$ cat data27.cif   # mmCIF, C-alpha atoms
data_run
loop_
_atom_site.label_atom_id
_atom_site.label_comp_id
_atom_site.auth_asym_id
_atom_site.auth_seq_id
_atom_site.Cartn_x
_atom_site.Cartn_y
_atom_site.Cartn_z
CA MET A 1 0.00 0.00 0.00
CA ASN A 2 1.02 3.58 -0.45
CA MET A 3 1.67 6.23 2.17
CA LYS A 4 -1.27 8.06 3.67
CA SER A 5 -1.36 11.06 5.98
CA LEU A 6 -3.69 13.03 8.22
CA THR A 7 -3.11 16.59 9.49
CA LYS A 8 -5.18 18.28 12.18
CA GLU A 9 -4.76 21.32 14.40
CA LEU A 10 -6.45 21.17 17.80
CA TRP A 11 -7.39 24.53 19.35
CA MET A 12 -6.64 25.05 23.05
CA ASP A 13 -7.89 27.94 25.18
CA ILE A 14 -6.82 27.52 28.79
CA PRO A 15 -8.36 30.08 31.18
CA VAL A 16 -5.40 30.09 33.63
CA ARG A 17 -1.65 30.59 33.29
CA ARG A 18 -0.56 26.97 33.80
CA LYS A 19 -2.52 23.75 33.45
CA ILE A 20 -2.16 20.14 32.31
CA VAL A 21 -5.01 19.05 30.01
CA SER A 22 -5.60 15.61 28.52
CA ILE A 23 -5.69 15.46 24.71
CA HIS A 24 -5.51 11.67 24.72
CA ARG A 25 -8.99 10.96 23.38
CA GLU A 26 -8.67 13.58 20.62
CA VAL A 27 -5.43 11.99 19.36
CA GLU A 28 -6.94 8.51 19.65
CA GLU A 29 -9.89 9.54 17.49
CA LEU A 30 -7.67 11.13 14.84
CA VAL A 31 -5.62 7.93 14.59
CA ALA A 32 -8.86 5.99 14.03
CA GLN A 33 -10.08 8.56 11.47
CA SER A 34 -6.81 8.40 9.52
CA GLY A 35 -7.37 4.76 8.58
CA ILE A 36 -3.61 4.27 8.98
CA LYS A 37 -2.69 0.80 10.24
CA GLU A 38 1.11 1.02 10.54
CA GLY A 39 2.85 4.34 10.99
CA ILE A 40 3.65 7.13 13.39
CA CYS A 41 1.74 10.01 14.94
CA LEU A 42 3.53 13.26 15.79
CA VAL A 43 1.80 15.48 18.36
CA ASN A 44 3.44 18.85 19.08
CA ALA A 45 2.66 22.19 20.65
CA MET A 46 2.65 24.86 17.90
CA HIS A 47 3.47 27.53 20.50
CA ILE A 48 6.76 27.87 22.31
CA THR A 49 5.31 28.36 25.79
CA ALA A 50 3.49 25.00 25.88
CA SER A 51 4.40 21.31 25.82
CA VAL A 52 2.97 18.00 24.68
CA PHE A 53 4.11 15.10 26.83
CA ILE A 54 3.22 11.56 27.90
CA ASN A 55 3.05 10.65 31.55
CA ASP A 56 0.63 9.54 34.26
CA ASN A 57 -3.03 10.65 34.45
CA GLU A 58 -2.85 11.29 38.20
CA SER A 59 -3.67 14.65 39.78
CA GLY A 60 -1.11 14.41 42.60
CA LEU A 61 1.66 13.94 40.07
CA HIS A 62 0.38 16.91 38.08
CA GLN A 63 0.79 19.07 41.22
CA ASP A 64 4.30 17.65 41.61
CA PHE A 65 5.15 18.63 38.02
CA ASP A 66 3.99 22.17 38.67
CA ARG A 67 6.00 22.56 41.89
CA PHE A 68 9.03 20.96 40.25
CA LEU A 69 8.94 23.35 37.28
CA GLU A 70 8.34 26.36 39.53
CA ARG A 71 11.37 25.35 41.59
CA LEU A 72 13.64 24.97 38.54
CA ALA A 73 12.30 27.92 36.51
CA PRO A 74 10.20 30.20 38.77
CA HIS A 75 7.74 32.64 37.23
CA ALA A 76 8.45 35.46 39.72
CA PRO A 77 10.22 37.76 40.06
CA VAL A 78 9.73 38.31 36.34
CA SER A 79 12.64 40.79 36.33
CA GLN A 80 15.14 37.92 36.78
CA TYR A 81 14.85 37.09 33.06
CA ALA A 82 16.36 39.08 30.17
CA HIS A 83 13.42 38.04 27.96
CA ASN A 84 10.95 39.90 30.14
CA GLY A 85 11.45 43.46 28.84
CA TYR A 86 7.96 43.65 27.32
CA GLU A 87 6.72 40.21 28.37
CA ASP A 88 6.44 38.22 31.59
CA ASN A 89 6.63 34.69 30.20
CA ALA A 90 10.35 33.77 30.06
CA ASP A 91 9.71 31.04 32.65
CA ALA A 92 7.11 29.53 30.30
CA HIS A 93 9.74 29.16 27.55
CA LEU A 94 12.09 27.40 30.01
CA LYS A 95 9.42 25.13 31.46
CA ARG A 96 8.31 24.08 27.99
CA GLN A 97 11.90 23.09 27.19
CA LEU A 98 12.09 20.83 30.28
CA MET A 99 8.78 19.11 29.49
CA GLY A 100 9.40 18.90 25.73
CA ARG A 101 7.70 20.15 22.58
CA GLU A 102 6.45 16.91 21.10
CA VAL A 103 5.82 13.20 21.30
CA THR A 104 6.04 10.66 18.50
CA ILE A 105 3.70 7.71 18.95
CA ALA A 106 3.84 4.42 17.06
CA ILE A 107 0.66 3.24 15.32
CA THR A 108 0.27 -0.55 15.18
CA GLU A 109 -2.78 -2.37 13.80
CA GLY A 110 -4.65 0.92 13.51
CA LYS A 111 -4.18 2.08 17.11
CA MET A 112 -1.74 4.11 19.21
CA HIS A 113 0.82 1.61 20.46
CA LEU A 114 1.21 2.69 24.10
CA GLY A 115 2.17 1.15 27.42
CA PRO A 116 -0.49 0.57 30.10
CA TRP A 117 -0.26 4.03 31.74
CA GLU A 118 0.89 6.22 28.87
CA HIS A 119 -1.47 9.19 28.50
CA VAL A 120 -1.07 12.16 26.12
CA PHE A 121 -1.23 15.65 27.68
CA TYR A 122 -0.99 19.28 26.70
CA TYR A 123 0.81 21.49 29.23
CA GLU A 124 -0.01 25.19 29.07
CA PHE A 125 2.59 27.50 30.64
CA ASP A 126 1.23 30.89 29.51
CA GLY A 127 -2.50 30.57 29.00
CA GLN A 128 -5.51 32.85 28.70
CA ARG A 129 -5.23 32.92 24.92
CA LYS A 130 -5.87 30.59 22.00
CA LYS A 131 -3.13 28.21 20.98
CA ARG A 132 -2.83 25.16 18.76
CA VAL A 133 -1.55 21.59 18.94
CA LEU A 134 -0.61 19.83 15.72
CA VAL A 135 -1.36 16.17 15.05
CA LYS A 136 0.36 14.69 12.00
CA ILE A 137 -0.08 11.02 11.15
CA ILE A 138 1.80 9.24 8.37
CA GLY A 139 1.84 5.58 7.41
CA GLU A 140 -0.11 3.11 5.39
CA MET X 1 8.93 1.06 -3.45
CA ASN X 2 6.16 0.96 -0.91
CA MET X 3 6.27 1.62 2.80
CA LYS X 4 7.41 -1.16 5.11
CA SER X 5 7.36 -1.35 8.89
CA LEU X 6 8.71 -3.39 11.78
CA THR X 7 7.34 -3.39 15.35
CA LYS X 8 9.07 -4.98 18.32
CA GLU X 9 8.73 -4.75 22.09
CA LEU X 10 11.91 -5.32 24.10
CA TRP X 11 11.41 -6.62 27.66
CA MET X 12 13.49 -5.03 30.42
CA ASP X 13 13.83 -6.35 33.97
CA ILE X 14 16.27 -4.22 35.97
CA PRO X 15 17.08 -5.63 39.45
CA VAL X 16 17.70 -2.22 41.05
CA ARG X 17 15.75 1.02 41.30
CA ARG X 18 17.81 3.10 38.86
CA LYS X 19 20.18 2.03 36.12
CA ILE X 20 21.33 2.97 32.61
CA VAL X 21 21.38 -0.01 30.24
CA SER X 22 22.54 -0.10 26.63
CA ILE X 23 19.92 -1.20 24.09
CA HIS X 24 22.06 -0.08 21.17
CA ARG X 25 22.81 -3.49 19.70
CA GLU X 26 19.19 -4.64 19.98
CA VAL X 27 17.99 -1.60 18.03
CA GLU X 28 20.79 -2.01 15.48
CA GLU X 29 19.77 -5.62 14.85
CA LEU X 30 16.10 -4.71 14.44
CA VAL X 31 17.00 -2.07 11.85
CA ALA X 32 18.94 -4.73 9.93
CA GLN X 33 16.07 -7.23 10.27
CA SER X 34 13.54 -4.71 8.99
CA GLY X 35 15.18 -4.56 5.58
CA ILE X 36 14.32 -0.85 5.51
CA LYS X 37 16.89 1.24 3.64
CA GLU X 38 15.54 4.78 4.09
CA GLY X 39 13.27 5.69 6.98
CA ILE X 40 13.07 6.38 10.68
CA CYS X 41 13.23 4.31 13.82
CA LEU X 42 11.28 5.37 16.91
CA VAL X 43 12.49 3.93 20.23
CA ASN X 44 10.44 4.79 23.32
CA ALA X 45 9.90 3.65 26.88
CA MET X 46 6.38 2.18 27.21
CA HIS X 47 6.39 2.96 30.93
CA ILE X 48 6.23 6.44 32.41
CA THR X 49 9.01 5.95 34.97
CA ALA X 50 11.72 5.16 32.39
CA SER X 51 13.48 6.92 29.53
CA VAL X 52 15.13 6.13 26.23
CA PHE X 53 17.93 8.54 25.37
CA ILE X 54 21.09 8.91 23.29
CA ASN X 55 24.31 10.01 24.92
CA ASP X 56 27.84 8.82 25.73
CA ASN X 57 28.70 5.21 26.63
CA GLU X 58 30.96 6.25 29.52
CA SER X 59 30.45 5.08 33.09
CA GLY X 60 31.66 8.29 34.75
CA LEU X 61 29.05 10.27 32.83
CA HIS X 62 26.38 7.77 33.84
CA GLN X 63 27.23 8.48 37.50
CA ASP X 64 26.99 12.19 36.73
CA PHE X 65 23.54 11.72 35.23
CA ASP X 66 22.37 9.92 38.35
CA ARG X 67 23.70 12.59 40.73
CA PHE X 68 22.30 15.34 38.52
CA LEU X 69 18.81 13.81 38.46
CA GLU X 70 18.90 13.11 42.22
CA ARG X 71 19.83 16.75 42.79
CA LEU X 72 16.99 18.09 40.62
CA ALA X 73 14.32 15.53 41.59
CA PRO X 74 15.42 13.65 44.74
CA HIS X 75 13.81 10.32 45.59
CA ALA X 76 13.69 10.95 49.36
CA PRO X 77 11.92 12.07 51.39
CA VAL X 78 9.10 10.45 49.43
CA SER X 79 6.56 12.50 51.41
CA GLN X 80 7.60 15.67 49.53
CA TYR X 81 5.52 14.57 46.53
CA ALA X 82 1.72 14.67 46.25
CA HIS X 83 1.84 11.59 43.98
CA ASN X 84 3.26 9.42 46.76
CA GLY X 85 0.08 8.62 48.69
CA TYR X 86 0.20 4.92 47.80
CA GLU X 87 3.42 4.95 45.79
CA ASP X 88 7.01 6.08 46.28
CA ASN X 89 8.00 6.78 42.68
CA ALA X 90 7.02 10.42 41.96
CA ASP X 91 10.71 11.25 41.50
CA ALA X 92 10.89 8.58 38.77
CA HIS X 93 8.14 10.35 36.78
CA LEU X 94 10.02 13.66 37.05
CA LYS X 95 13.41 12.16 36.17
CA ARG X 96 11.94 10.44 33.12
CA GLN X 97 10.58 13.77 31.93
CA LEU X 98 14.04 15.40 32.15
CA MET X 99 15.74 12.56 30.25
CA GLY X 100 12.92 12.15 27.71
CA ARG X 101 10.56 9.37 26.63
CA GLU X 102 11.87 8.62 23.16
CA VAL X 103 14.41 9.05 20.42
CA THR X 104 13.79 9.11 16.68
CA ILE X 105 16.73 7.82 14.65
CA ALA X 106 17.20 8.28 10.91
CA ILE X 107 17.85 5.16 8.82
CA THR X 108 20.11 5.72 5.81
CA GLU X 109 21.33 2.97 3.46
CA GLY X 110 19.93 0.32 5.79
CA LYS X 111 21.66 1.46 8.97
CA MET X 112 21.07 3.80 11.93
CA HIS X 113 22.45 7.15 10.85
CA LEU X 114 24.31 8.26 13.99
CA GLY X 115 27.22 10.48 14.94
CA PRO X 116 30.49 8.91 16.15
CA TRP X 117 29.56 8.70 19.86
CA GLU X 118 25.79 8.39 19.74
CA HIS X 119 24.69 5.35 21.74
CA VAL X 120 21.10 4.30 22.54
CA PHE X 121 20.25 3.70 26.22
CA TYR X 122 17.34 2.70 28.40
CA TYR X 123 17.19 4.50 31.77
CA GLU X 124 15.23 2.76 34.49
CA PHE X 125 14.03 5.01 37.34
CA ASP X 126 11.76 2.57 39.20
CA GLY X 127 12.99 -0.94 38.54
CA GLN X 128 12.61 -4.40 40.05
CA ARG X 129 9.74 -5.23 37.70
CA LYS X 130 9.23 -6.04 34.03
CA LYS X 131 8.85 -3.17 31.61
CA ARG X 132 8.90 -2.72 27.85
CA VAL X 133 10.62 -0.57 25.25
CA LEU X 134 8.98 -0.16 21.85
CA VAL X 135 10.92 -0.11 18.60
CA LYS X 136 8.92 1.02 15.55
CA ILE X 137 10.61 1.30 12.18
CA ILE X 138 8.95 2.71 9.07
CA GLY X 139 10.37 3.42 5.65
CA GLU X 140 11.10 1.67 2.42
CA MET D 1 2.51 8.06 -4.60
CA ASN D 2 5.41 6.22 -3.10
CA MET D 3 7.66 7.21 -0.24
CA LYS D 4 10.50 9.64 -0.90
CA SER D 5 13.35 10.71 1.35
CA LEU D 6 16.11 13.30 1.65
CA THR D 7 19.20 13.03 3.87
CA LYS D 8 21.60 15.87 4.57
CA GLU D 9 24.31 16.56 7.13
CA LEU D 10 24.90 20.21 8.03
CA TRP D 11 28.39 21.09 9.29
CA MET D 12 28.66 23.38 12.31
CA ASP D 13 31.85 25.03 13.58
CA ILE D 14 31.12 27.29 16.53
CA PRO D 15 34.13 29.37 17.67
CA VAL D 16 33.07 29.53 21.35
CA ARG D 17 32.10 26.96 23.97
CA ARG D 18 28.35 27.64 24.07
CA LYS D 19 26.10 29.35 21.53
CA ILE D 20 22.61 29.19 20.06
CA VAL D 21 22.62 29.34 16.24
CA SER D 22 19.64 29.41 13.90
CA ILE D 23 19.45 26.56 11.38
CA HIS D 24 15.89 27.44 10.44
CA ARG D 25 16.53 28.59 6.89
CA GLU D 26 18.77 25.62 6.10
CA VAL D 27 16.04 23.17 7.18
CA GLU D 28 13.40 25.16 5.30
CA GLU D 29 15.43 24.96 2.09
CA LEU D 30 15.99 21.21 2.46
CA VAL D 31 12.26 20.64 2.88
CA ALA D 32 11.68 22.59 -0.36
CA GLN D 33 14.48 20.66 -2.14
CA SER D 34 13.05 17.30 -1.08
CA GLY D 35 9.87 17.85 -3.08
CA ILE D 36 8.00 16.07 -0.27
CA LYS D 37 4.46 17.39 0.21
CA GLU D 38 3.24 15.36 3.20
CA GLY D 39 5.65 13.84 5.69
CA ILE D 40 7.99 14.52 8.56
CA CYS D 41 11.39 16.10 8.97
CA LEU D 42 13.74 14.87 11.71
CA VAL D 43 16.51 17.29 12.73
CA ASN D 44 19.01 16.03 15.32
CA ALA D 45 22.43 16.84 16.68
CA MET D 46 24.85 14.05 15.68
CA HIS D 47 27.07 14.89 18.66
CA ILE D 48 26.17 14.28 22.27
CA THR D 49 27.24 17.68 23.59
CA ALA D 50 24.83 19.67 21.40
CA SER D 51 21.07 20.05 20.97
CA VAL D 52 18.54 20.85 18.30
CA PHE D 53 15.45 22.58 19.67
CA ILE D 54 12.54 24.83 18.70
CA ASN D 55 11.84 27.98 20.66
CA ASP D 56 11.78 31.77 20.33
CA ASN D 57 14.21 33.76 18.13
CA GLU D 58 14.81 36.38 20.82
CA SER D 59 18.26 37.22 22.17
CA GLY D 60 17.12 37.97 25.74
CA LEU D 61 15.59 34.52 25.99
CA HIS D 62 18.78 32.98 24.64
CA GLN D 63 20.68 34.60 27.54
CA ASP D 64 18.05 33.22 29.92
CA PHE D 65 18.56 29.72 28.52
CA ASP D 66 22.29 29.98 29.08
CA ARG D 67 21.97 31.19 32.68
CA PHE D 68 19.29 28.58 33.38
CA LEU D 69 21.47 25.73 32.09
CA GLU D 70 24.52 27.03 33.93
CA ARG D 71 22.49 27.11 37.14
CA LEU D 72 21.22 23.53 36.72
CA ALA D 73 24.42 21.99 35.30
CA PRO D 74 27.36 24.38 35.87
CA HIS D 75 30.52 23.99 33.81
CA ALA D 76 32.91 24.78 36.70
CA PRO D 77 34.38 23.43 38.82
CA VAL D 78 34.98 20.69 36.26
CA SER D 79 36.17 18.36 39.05
CA GLN D 80 32.59 17.98 40.32
CA TYR D 81 31.85 15.50 37.52
CA ALA D 82 33.06 11.87 37.33
CA HIS D 83 33.15 12.15 33.52
CA ASN D 84 35.87 14.79 33.65
CA GLY D 85 38.94 12.60 34.18
CA TYR D 86 40.39 13.39 30.75
CA GLU D 87 37.71 15.81 29.57
CA ASP D 88 36.04 18.98 30.85
CA ASN D 89 32.67 18.70 29.12
CA ALA D 90 30.42 16.66 31.45
CA ASP D 91 28.20 19.72 31.86
CA ALA D 92 27.73 19.82 28.08
CA HIS D 93 26.31 16.25 28.11
CA LEU D 94 23.86 17.23 30.88
CA LYS D 95 22.81 20.50 29.24
CA ARG D 96 22.18 18.73 25.93
CA GLN D 97 19.90 16.27 27.73
CA LEU D 98 17.81 19.13 29.20
CA MET D 99 17.44 20.89 25.84
CA GLY D 100 16.93 17.67 23.84
CA ARG D 101 18.67 15.90 20.96
CA GLU D 102 16.12 16.34 18.21
CA VAL D 103 12.94 17.81 16.85
CA THR D 104 10.44 16.18 14.51
CA ILE D 105 8.61 18.65 12.28
CA ALA D 106 5.48 17.93 10.26
CA ILE D 107 5.55 18.74 6.54
CA THR D 108 2.19 19.84 5.10
CA GLU D 109 1.64 21.01 1.51
CA GLY D 110 5.38 21.04 0.92
CA LYS D 111 6.36 23.25 3.87
CA MET D 112 7.36 22.93 7.53
CA HIS D 113 4.10 23.05 9.46
CA LEU D 114 5.01 25.36 12.35
CA GLY D 115 3.31 27.75 14.74
CA PRO D 116 3.83 31.52 14.37
CA TRP D 117 6.98 31.76 16.54
CA GLU D 118 8.51 28.31 16.15
CA HIS D 119 12.14 28.63 15.05
CA VAL D 120 14.68 25.81 14.67
CA PHE D 121 18.00 26.21 16.52
CA TYR D 122 21.25 24.38 17.09
CA TYR D 123 22.68 24.72 20.61
CA GLU D 124 26.40 24.13 20.97
CA PHE D 125 27.59 23.22 24.48
CA ASP D 126 31.22 22.28 23.73
CA GLY D 127 32.33 24.13 20.62
CA GLN D 128 35.56 25.10 18.92
CA ARG D 129 35.44 21.99 16.72
CA LYS D 130 33.46 20.71 13.75
CA LYS D 131 30.19 18.93 14.41
CA ARG D 132 27.23 17.82 12.36
CA VAL D 133 23.45 18.13 12.39
CA LEU D 134 21.38 15.54 10.53
CA VAL D 135 18.28 16.41 8.54
CA LYS D 136 16.18 13.43 7.43
CA ILE D 137 12.94 13.95 5.55
CA ILE D 138 10.52 11.19 4.62
CA GLY D 139 7.11 11.34 3.03
CA GLU D 140 5.51 11.55 -0.36
#
$ encode --input "data27.cif" --output "structure tokens"
Amino acid sequence: MNMKSLTKELWMDIPVRRKIVSIHREVEELVAQSGIKEGICLVNAMHITASVFINDNESGLHQDFDRFLERLAPHAPVSQYAHNGYEDNADAHLKRQLMGREVTIAITEGKMHLGPWEHVFYYEFDGQRKKRVLVKIIGE
Amino acid sequence: MNMKSLTKELWMDIPVRRKIVSIHREVEELVAQSGIKEGICLVNAMHITASVFINDNESGLHQDFDRFLERLAPHAPVSQYAHNGYEDNADAHLKRQLMGREVTIAITEGKMHLGPWEHVFYYEFDGQRKKRVLVKIIGE
Amino acid sequence: MNMKSLTKELWMDIPVRRKIVSIHREVEELVAQSGIKEGICLVNAMHITASVFINDNESGLHQDFDRFLERLAPHAPVSQYAHNGYEDNADAHLKRQLMGREVTIAITEGKMHLGPWEHVFYYEFDGQRKKRVLVKIIGE
């Protein structure tokens, strides 16, 4: 068979500065829609103050992530960052780098090929405006 | 030519909590087995307390990685993490995020296309049980 | 249509120890050259003391990245690292791990499919010698 592809932008609009939001079901449905049986699925934040990552769907851990990132790259005082002349989001750029821009997920027999607890998340680090996540699936 | 693919799960069973283990040769052999000449090879941990990464095959550096990760996301006291109500592995989830879930490796002329010192490793952060690594190769 | 691919190594020679350098235009031109309309583009450092990453093209932020990485994985004193028996670049291996080895970029309608501020960079952590970046494009 020949190569097929599916491309879809998901719109996010998170009403707070920082938040972890599941996009697992949306990606799952796009993989099904694509009709691709063997291939890969790239999911990436299209904005540089957000991440897409795979980890546990457990709220305690999500608090731990937030404290961890605030400890390594604190938001305040905003004046500690050279980037923050006209902005206040330098920490968001650093946090996104620690959590990563993207995940690449194998597709096997028409489904995401994941371990038992792997769950796909969007992590907003500078919210209160519209942003996009890109899903690109290629395969056959 | 048309697209081909190969899918393989590698089983890991690390007898200690944390350890770096080479999976380089296993991935190399799967690329050869696949018969794929031009494509990409995704290698990812299927568990969310482990990483797959590419770095130096040097034992001193591996000690440095461990100290570095323990400094940024210490295991103890386990009570410092909200995730650790029934578990003690929150640090493993954080460490895995710093080291990354996956690598994507180019395949050129039937082989992994790597720099002179690139070596593929599995990093266990919460061992003493069976876990899997996924290798997915697509190309032609 | 059948799968196509393009493979290209970019040579880097950074005259200082650490520096962020744009490789955005080079990758853009290779995507155009490849003639691939739908696919993915892998860009990775071929050396284990350098990163490829996507973030903001803003010099203040680039200073913030450098200070941030120096705070988390300082270069000196070099004796703090077990790796540094014959070398002095253990910190470069750690910094590269935080910033990541690679990015995977979707190609849609013949172009990199990126958000408004996404920009592709090479990050040298142990310069003053020649190194390579790999660009691998597959698709149709």
$ calpha_fit_and_write --input "data27.cif" --fixed "chain D" --moving "chain X" --output "short mmCIF file (atom, residue, chain, number, x, y, z; two decimals) with C-alpha atoms, in the frame of the given file"
data_model
loop_
_atom_site.label_atom_id
_atom_site.label_comp_id
_atom_site.auth_asym_id
_atom_site.auth_seq_id
_atom_site.Cartn_x
_atom_site.Cartn_y
_atom_site.Cartn_z
CA MET X 1 2.49 8.09 -4.61
CA ASN X 2 5.43 6.26 -3.13
CA MET X 3 7.67 7.23 -0.26
CA LYS X 4 10.52 9.65 -0.91
CA SER X 5 13.36 10.71 1.35
CA LEU X 6 16.12 13.30 1.64
CA THR X 7 19.20 13.03 3.88
CA LYS X 8 21.61 15.87 4.57
CA GLU X 9 24.32 16.56 7.14
CA LEU X 10 24.89 20.21 8.05
CA TRP X 11 28.39 21.08 9.29
CA MET X 12 28.66 23.37 12.32
CA ASP X 13 31.85 25.02 13.56
CA ILE X 14 31.13 27.29 16.53
CA PRO X 15 34.14 29.38 17.67
CA VAL X 16 33.07 29.53 21.33
CA ARG X 17 32.11 26.96 23.95
CA ARG X 18 28.36 27.65 24.05
CA LYS X 19 26.11 29.35 21.53
CA ILE X 20 22.61 29.18 20.05
CA VAL X 21 22.62 29.33 16.24
CA SER X 22 19.63 29.41 13.90
CA ILE X 23 19.44 26.56 11.39
CA HIS X 24 15.88 27.43 10.44
CA ARG X 25 16.52 28.59 6.89
CA GLU X 26 18.77 25.61 6.10
CA VAL X 27 16.05 23.17 7.18
CA GLU X 28 13.39 25.15 5.31
CA GLU X 29 15.43 24.96 2.10
CA LEU X 30 15.99 21.22 2.46
CA VAL X 31 12.25 20.65 2.87
CA ALA X 32 11.68 22.58 -0.36
CA GLN X 33 14.47 20.66 -2.13
CA SER X 34 13.05 17.32 -1.05
CA GLY X 35 9.88 17.84 -3.07
CA ILE X 36 8.00 16.07 -0.27
CA LYS X 37 4.46 17.39 0.21
CA GLU X 38 3.24 15.36 3.20
CA GLY X 39 5.65 13.84 5.69
CA ILE X 40 7.98 14.52 8.57
CA CYS X 41 11.39 16.08 8.97
CA LEU X 42 13.73 14.87 11.71
CA VAL X 43 16.50 17.29 12.74
CA ASN X 44 19.00 16.04 15.32
CA ALA X 45 22.43 16.83 16.69
CA MET X 46 24.85 14.04 15.69
CA HIS X 47 27.07 14.90 18.66
CA ILE X 48 26.17 14.27 22.28
CA THR X 49 27.24 17.69 23.59
CA ALA X 50 24.82 19.67 21.40
CA SER X 51 21.07 20.05 20.98
CA VAL X 52 18.53 20.85 18.30
CA PHE X 53 15.45 22.58 19.67
CA ILE X 54 12.54 24.83 18.70
CA ASN X 55 11.85 27.98 20.66
CA ASP X 56 11.78 31.78 20.33
CA ASN X 57 14.21 33.75 18.13
CA GLU X 58 14.82 36.38 20.82
CA SER X 59 18.26 37.21 22.17
CA GLY X 60 17.13 37.98 25.73
CA LEU X 61 15.59 34.52 25.98
CA HIS X 62 18.78 32.97 24.64
CA GLN X 63 20.68 34.60 27.53
CA ASP X 64 18.05 33.21 29.90
CA PHE X 65 18.56 29.72 28.51
CA ASP X 66 22.29 29.98 29.08
CA ARG X 67 21.95 31.19 32.68
CA PHE X 68 19.29 28.57 33.37
CA LEU X 69 21.46 25.72 32.08
CA GLU X 70 24.54 27.04 33.93
CA ARG X 71 22.47 27.12 37.12
CA LEU X 72 21.21 23.54 36.72
CA ALA X 73 24.41 22.00 35.30
CA PRO X 74 27.35 24.39 35.88
CA HIS X 75 30.51 23.99 33.81
CA ALA X 76 32.90 24.77 36.70
CA PRO X 77 34.38 23.42 38.81
CA VAL X 78 34.99 20.68 36.26
CA SER X 79 36.18 18.36 39.05
CA GLN X 80 32.59 17.98 40.32
CA TYR X 81 31.86 15.49 37.52
CA ALA X 82 33.04 11.88 37.34
CA HIS X 83 33.16 12.14 33.52
CA ASN X 84 35.88 14.79 33.64
CA GLY X 85 38.94 12.59 34.19
CA TYR X 86 40.41 13.40 30.77
CA GLU X 87 37.73 15.81 29.58
CA ASP X 88 36.06 18.98 30.84
CA ASN X 89 32.69 18.70 29.11
CA ALA X 90 30.42 16.66 31.44
CA ASP X 91 28.21 19.73 31.87
CA ALA X 92 27.73 19.82 28.08
CA HIS X 93 26.31 16.26 28.12
CA LEU X 94 23.87 17.23 30.88
CA LYS X 95 22.82 20.50 29.24
CA ARG X 96 22.19 18.73 25.94
CA GLN X 97 19.91 16.28 27.73
CA LEU X 98 17.80 19.13 29.20
CA MET X 99 17.45 20.89 25.83
CA GLY X 100 16.93 17.68 23.84
CA ARG X 101 18.67 15.90 20.96
CA GLU X 102 16.11 16.33 18.20
CA VAL X 103 12.93 17.81 16.85
CA THR X 104 10.44 16.17 14.50
CA ILE X 105 8.61 18.65 12.28
CA ALA X 106 5.48 17.91 10.27
CA ILE X 107 5.54 18.73 6.54
CA THR X 108 2.19 19.83 5.11
CA GLU X 109 1.64 21.00 1.52
CA GLY X 110 5.39 21.04 0.93
CA LYS X 111 6.36 23.24 3.86
CA MET X 112 7.35 22.93 7.54
CA HIS X 113 4.10 23.04 9.47
CA LEU X 114 5.01 25.36 12.36
CA GLY X 115 3.29 27.75 14.73
CA PRO X 116 3.84 31.52 14.36
CA TRP X 117 6.98 31.75 16.54
CA GLU X 118 8.50 28.31 16.14
CA HIS X 119 12.13 28.63 15.05
CA VAL X 120 14.68 25.81 14.67
CA PHE X 121 18.00 26.21 16.53
CA TYR X 122 21.25 24.38 17.08
CA TYR X 123 22.68 24.73 20.61
CA GLU X 124 26.39 24.12 20.95
CA PHE X 125 27.59 23.24 24.48
CA ASP X 126 31.21 22.28 23.73
CA GLY X 127 32.31 24.14 20.63
CA GLN X 128 35.55 25.09 18.91
CA ARG X 129 35.44 21.99 16.71
CA LYS X 130 33.46 20.70 13.75
CA LYS X 131 30.20 18.93 14.41
CA ARG X 132 27.21 17.81 12.37
CA VAL X 133 23.44 18.12 12.41
CA LEU X 134 21.38 15.54 10.54
CA VAL X 135 18.27 16.41 8.55
CA LYS X 136 16.18 13.42 7.44
CA ILE X 137 12.95 13.96 5.55
CA ILE X 138 10.53 11.19 4.63
CA GLY X 139 7.11 11.37 3.03
CA GLU X 140 5.53 11.58 -0.36
#
$ atom_distance --input "data27.cif" --atom1 "CA of Glu70 in chain A" --atom2 "CA of Arg96 in chain X"
17.5 Å
$ interface_residues --input "data27.cif" --of "chain X" --to "chain D" --cutoff "10 Å" --atoms "all atoms listed in the file" --output "PyMOL selection string"
chain X and resi 1-4+38-40+53-56+58-65+67-69+71-72+97-100+103-108+113-119+138-140
$ residues_around --input "data27.cif" --residues "range 13-15 of chain X" --least-positions-apart "5" --cutoff "6 Å" --atoms "only C-alpha atoms" --output "ChimeraX atom specification"
/X:127-130
$ write_last_selection --input "data27.cif" --atoms "C-alpha atoms" --output "short mmCIF file (atom, residue, chain, number, x, y, z; two decimals), keeping the file's coordinate frame"
data_model
loop_
_atom_site.label_atom_id
_atom_site.label_comp_id
_atom_site.auth_asym_id
_atom_site.auth_seq_id
_atom_site.Cartn_x
_atom_site.Cartn_y
_atom_site.Cartn_z
CA GLY X 127 12.99 -0.94 38.54
CA GLN X 128 12.61 -4.40 40.05
CA ARG X 129 9.74 -5.23 37.70
CA LYS X 130 9.23 -6.04 34.03
#
$ closest_residue --input "data27.cif" --among "X:Asp126, X:Val21, X:Gly110, X:Pro74" --to "Gln33 in chain X" --atoms "only C-alpha atoms"
X:Gly110
$ atom_distance --input "data27.cif" --atom1 "CA of Lys111 in chain D" --atom2 "CA of Arg25 in chain D"
11.9 Å
$ resolve_selection --input "data27.cif" --expression "the PyMOL selection byres ((chain X and resi 124) around 6)" --output "mmCIF file with C-alpha atoms, in the coordinates of the input"
data_model
loop_
_atom_site.group_PDB
_atom_site.id
_atom_site.type_symbol
_atom_site.label_atom_id
_atom_site.label_comp_id
_atom_site.auth_asym_id
_atom_site.auth_seq_id
_atom_site.Cartn_x
_atom_site.Cartn_y
_atom_site.Cartn_z
ATOM 1 C CA ARG X 18 17.810 3.100 38.860
ATOM 2 C CA LYS X 19 20.180 2.030 36.120
ATOM 3 C CA ALA X 50 11.720 5.160 32.390
ATOM 4 C CA TYR X 123 17.190 4.500 31.770
ATOM 5 C CA PHE X 125 14.030 5.010 37.340
ATOM 6 C CA ASP X 126 11.760 2.570 39.200
ATOM 7 C CA GLY X 127 12.990 -0.940 38.540
#
